[in-house]
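Comments concern the structure below.
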Amino acid sequence: MYFDTHAHYDDERFDNDRDELLGKMPKNGVELIVNPGCDEPSSLAAMDFAARYGHVYAAVGWHPENADSFGGGSLEKLKKWAQSPKVVAIGEIGLDYYYEDGADRDTQKRVFYAQLELARELGLPVIVHDREAHADCLAAAREFSGLRGVFHCYSGSAEMARQLVDLGWYLSFTGAVTFKNARRALEAIEVCPMERIMLETDSPYLAPVPHRGHRNDSTMLPFIAEVIAQVKHLSTEEVAAITLENGKRFFDIR
């Protein structure tokens, strides 16, 4: 059985078959799913899915691309939502310097740090988005090293992976590890202990080879596990079992 620790089933690409797809996940080998929010509507949608499906859990937060919509009452909303027993993390939060037309960097940092502070106050883990912002995200991890945190869709170097592991953080990997240009990800997997690795699809994005370019979903986790198994000299089944337990421990799901 697999744990998809990061999937966006609130995305409109699932509008036609979302309920059918989510309902069948346990029969398709997916034991657990975490759906993170990226703003208020998506956080509320994630909570709705978690309420309707026993195997789905929610994270709530503001993505850096949506930092401009983080207003004066947003922290209080997050604090209220976090009282739900099926909200298991603050996320997806972080920094994204890839797009020039998104929220400016100062706004992103302010919103990121406010949510990190809240997670520390609430004792919840965080799901961090880091795109072309490695130095600043690593600096935040150092400042909040007491948090349980995961760098989702990890894209940093092997050396950064070592530093994050030393700080107590986790790394999760997507279908991007199956791409031809996955060298950095494979190097990071090689140096990261198995007990700090989690699997995710980031659905509907980043479908693995041989489905690249199509809509992704949690049933494609075995393609990711197979690559990690090759790097770690394990079986795919061993990777599935270890990462399932890692996810349960990280999100405190019993």
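Convention: chains lettered A, B, ... in structure tokens order; per-chain residue numbering from 1; ligands numbered from 1 as shown.
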
So which bits of stretch 36-199 of chain A end up helix (DSSP H, G or I) when you DSSP the backbone, as a VMD selection string? chain A and resid 40 to 52 64 to 69 74 to 81 105 to 122 134 to 143 158 to 166 175 to 178 183 to 191 194 to 196

In stretch 13-207 of chain A, DSSP strand (DSSP E or B) residues written as a PDB file with N, CA and C atoms, in the first residue's frame:
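After the write, states_14.pdb holds the following:
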ATOM      1  N   VAL A  30      -3.703   2.520  -2.751  1.00  0.00           N
ATOM      2  CA  VAL A  30      -3.325   3.784  -2.117  1.00  0.00           C
ATOM      3  C   VAL A  30      -4.053   3.883  -0.780  1.00  0.00           C
ATOM      4  N   GLU A  31      -3.323   3.721   0.298  1.00  0.00           N
ATOM      5  CA  GLU A  31      -3.933   3.684   1.635  1.00  0.00           C
ATOM      6  C   GLU A  31      -4.280   5.066   2.158  1.00  0.00           C
ATOM      7  N   LEU A  32      -3.414   6.059   1.878  1.00  0.00           N
ATOM      8  CA  LEU A  32      -3.595   7.392   2.435  1.00  0.00           C
ATOM      9  C   LEU A  32      -3.226   8.456   1.413  1.00  0.00           C
ATOM     10  N   ILE A  33      -3.885   9.614   1.522  1.00  0.00           N
ATOM     11  CA  ILE A  33      -3.615  10.776   0.670  1.00  0.00           C
ATOM     12  C   ILE A  33      -3.692  12.025   1.537  1.00  0.00           C
ATOM     13  N   VAL A  34      -2.768  12.948   1.343  1.00  0.00           N
ATOM     14  CA  VAL A  34      -2.869  14.293   1.921  1.00  0.00           C
ATOM     15  C   VAL A  34      -3.072  15.279   0.783  1.00  0.00           C
ATOM     16  N   ASN A  35      -4.144  16.059   0.892  1.00  0.00           N
ATOM     17  CA  ASN A  35      -4.439  17.112  -0.085  1.00  0.00           C
ATOM     18  C   ASN A  35      -4.130  18.458   0.557  1.00  0.00           C
ATOM     19  N   PRO A  36      -3.063  19.133   0.125  1.00  0.00           N
ATOM     20  CA  PRO A  36      -2.739  20.436   0.708  1.00  0.00           C
ATOM     21  C   PRO A  36      -3.530  21.565   0.059  1.00  0.00           C
ATOM     22  N   VAL A  56      -8.433  10.153   3.200  1.00  0.00           N
ATOM     23  CA  VAL A  56      -7.923  11.452   2.751  1.00  0.00           C
ATOM     24  C   VAL A  56      -7.784  12.390   3.950  1.00  0.00           C
ATOM     25  N   TYR A  57      -6.649  13.066   4.011  1.00  0.00           N
ATOM     26  CA  TYR A  57      -6.380  14.067   5.038  1.00  0.00           C
ATOM     27  C   TYR A  57      -6.072  15.399   4.357  1.00  0.00           C
ATOM     28  N   ALA A  58      -6.163  16.471   5.125  1.00  0.00           N
ATOM     29  CA  ALA A  58      -5.993  17.813   4.564  1.00  0.00           C
ATOM     30  C   ALA A  58      -4.820  18.533   5.205  1.00  0.00           C
ATOM     31  N   ALA A  59      -4.209  19.414   4.421  1.00  0.00           N
ATOM     32  CA  ALA A  59      -3.313  20.442   4.939  1.00  0.00           C
ATOM     33  C   ALA A  59      -3.907  21.782   4.505  1.00  0.00           C
ATOM     34  N   VAL A  60      -3.666  22.818   5.284  1.00  0.00           N
ATOM     35  CA  VAL A  60      -4.233  24.132   4.983  1.00  0.00           C
ATOM     36  C   VAL A  60      -3.120  25.174   4.955  1.00  0.00           C
ATOM     37  N   VAL A  87      -7.026  17.739   9.722  1.00  0.00           N
ATOM     38  CA  VAL A  87      -6.017  18.669   9.209  1.00  0.00           C
ATOM     39  C   VAL A  87      -4.700  18.304   9.878  1.00  0.00           C
ATOM     40  N   VAL A  88      -3.735  17.839   9.073  1.00  0.00           N
ATOM     41  CA  VAL A  88      -2.517  17.253   9.630  1.00  0.00           C
ATOM     42  C   VAL A  88      -1.266  18.085   9.390  1.00  0.00           C
ATOM     43  N   ALA A  89      -1.392  19.241   8.711  1.00  0.00           N
ATOM     44  CA  ALA A  89      -0.206  20.048   8.424  1.00  0.00           C
ATOM     45  C   ALA A  89      -0.627  21.447   7.977  1.00  0.00           C
ATOM     46  N   ILE A  90       0.336  22.364   8.043  1.00  0.00           N
ATOM     47  CA  ILE A  90       0.205  23.673   7.418  1.00  0.00           C
ATOM     48  C   ILE A  90       0.940  23.600   6.088  1.00  0.00           C
ATOM     49  N   GLY A  91       0.218  23.834   5.004  1.00  0.00           N
ATOM     50  CA  GLY A  91       0.835  23.734   3.699  1.00  0.00           C
ATOM     51  C   GLY A  91      -0.217  23.779   2.596  1.00  0.00           C
ATOM     52  N   GLU A  92       0.134  24.162   1.484  1.00  0.00           N
ATOM     53  CA  GLU A  92       1.468  24.233   0.930  1.00  0.00           C
ATOM     54  C   GLU A  92       1.980  25.660   1.056  1.00  0.00           C
ATOM     55  N   ILE A  93       3.100  25.837   1.727  1.00  0.00           N
ATOM     56  CA  ILE A  93       3.657  27.162   1.960  1.00  0.00           C
ATOM     57  C   ILE A  93       5.097  27.183   1.451  1.00  0.00           C
ATOM     58  N   GLY A  94       5.656  28.375   1.301  1.00  0.00           N
ATOM     59  CA  GLY A  94       7.049  28.429   0.872  1.00  0.00           C
ATOM     60  C   GLY A  94       7.372  29.644   0.038  1.00  0.00           C
ATOM     61  N   LEU A  95       8.321  29.461  -0.872  1.00  0.00           N
ATOM     62  CA  LEU A  95       8.823  30.542  -1.716  1.00  0.00           C
ATOM     63  C   LEU A  95       8.953  30.052  -3.156  1.00  0.00           C
ATOM     64  N   ASP A  96       8.566  30.903  -4.098  1.00  0.00           N
ATOM     65  CA  ASP A  96       8.649  30.564  -5.520  1.00  0.00           C
ATOM     66  C   ASP A  96       9.177  31.768  -6.271  1.00  0.00           C
ATOM     67  N   VAL A 126       4.956  21.177   8.563  1.00  0.00           N
ATOM     68  CA  VAL A 126       4.759  22.068   7.428  1.00  0.00           C
ATOM     69  C   VAL A 126       5.182  21.378   6.141  1.00  0.00           C
ATOM     70  N   ILE A 127       4.489  21.742   5.059  1.00  0.00           N
ATOM     71  CA  ILE A 127       4.798  21.263   3.714  1.00  0.00           C
ATOM     72  C   ILE A 127       5.333  22.459   2.937  1.00  0.00           C
ATOM     73  N   VAL A 128       6.595  22.395   2.537  1.00  0.00           N
ATOM     74  CA  VAL A 128       7.284  23.543   1.952  1.00  0.00           C
ATOM     75  C   VAL A 128       7.448  23.394   0.445  1.00  0.00           C
ATOM     76  N   HIS A 129       7.024  24.450  -0.251  1.00  0.00           N
ATOM     77  CA  HIS A 129       7.228  24.592  -1.697  1.00  0.00           C
ATOM     78  C   HIS A 129       8.470  25.454  -1.903  1.00  0.00           C
ATOM     79  N   ASP A 130       9.445  24.922  -2.615  1.00  0.00           N
ATOM     80  CA  ASP A 130      10.697  25.637  -2.878  1.00  0.00           C
ATOM     81  C   ASP A 130      10.995  25.548  -4.365  1.00  0.00           C
ATOM     82  N   ARG A 131      10.783  26.660  -5.067  1.00  0.00           N
ATOM     83  CA  ARG A 131      11.105  26.691  -6.497  1.00  0.00           C
ATOM     84  C   ARG A 131      12.024  27.857  -6.786  1.00  0.00           C
ATOM     85  N   GLY A 149       9.163  19.210   9.163  1.00  0.00           N
ATOM     86  CA  GLY A 149       8.919  19.828   7.869  1.00  0.00           C
ATOM     87  C   GLY A 149       9.359  18.928   6.742  1.00  0.00           C
ATOM     88  N   VAL A 150       8.698  19.097   5.590  1.00  0.00           N
ATOM     89  CA  VAL A 150       9.081  18.366   4.390  1.00  0.00           C
ATOM     90  C   VAL A 150       9.210  19.350   3.234  1.00  0.00           C
ATOM     91  N   PHE A 151      10.274  19.205   2.455  1.00  0.00           N
ATOM     92  CA  PHE A 151      10.419  19.924   1.201  1.00  0.00           C
ATOM     93  C   PHE A 151       9.773  19.059   0.132  1.00  0.00           C
ATOM     94  N   TYR A 170      12.362  16.348   6.243  1.00  0.00           N
ATOM     95  CA  TYR A 170      12.098  15.258   5.303  1.00  0.00           C
ATOM     96  C   TYR A 170      12.128  15.800   3.869  1.00  0.00           C
ATOM     97  N   LEU A 171      12.274  14.885   2.916  1.00  0.00           N
ATOM     98  CA  LEU A 171      12.189  15.206   1.496  1.00  0.00           C
ATOM     99  C   LEU A 171      11.143  14.304   0.862  1.00  0.00           C
ATOM    100  N   SER A 172      10.344  14.851  -0.056  1.00  0.00           N
ATOM    101  CA  SER A 172       9.426  13.996  -0.808  1.00  0.00           C
ATOM    102  C   SER A 172       9.686  14.180  -2.297  1.00  0.00           C
ATOM    103  N   PHE A 173       9.419  13.098  -3.034  1.00  0.00           N
ATOM    104  CA  PHE A 173       9.786  13.043  -4.442  1.00  0.00           C
ATOM    105  C   PHE A 173       8.575  12.673  -5.292  1.00  0.00           C
ATOM    106  N   ILE A 197      12.450   9.883   3.621  1.00  0.00           N
ATOM    107  CA  ILE A 197      11.921  10.022   2.263  1.00  0.00           C
ATOM    108  C   ILE A 197      10.429   9.721   2.257  1.00  0.00           C
ATOM    109  N   MET A 198       9.666  10.550   1.542  1.00  0.00           N
ATOM    110  CA  MET A 198       8.247  10.288   1.326  1.00  0.00           C
ATOM    111  C   MET A 198       7.946  10.356  -0.166  1.00  0.00           C
ATOM    112  N   LEU A 199       6.837   9.743  -0.548  1.00  0.00           N
ATOM    113  CA  LEU A 199       6.383   9.732  -1.946  1.00  0.00           C
ATOM    114  C   LEU A 199       5.224  10.701  -2.112  1.00  0.00           C
ATOM    115  N   SER A 203      -0.272  15.480  -7.912  1.00  0.00           N
ATOM    116  CA  SER A 203      -1.357  15.424  -8.908  1.00  0.00           C
ATOM    117  C   SER A 203      -2.131  16.745  -8.914  1.00  0.00           C
TER     118      SER A 203
END
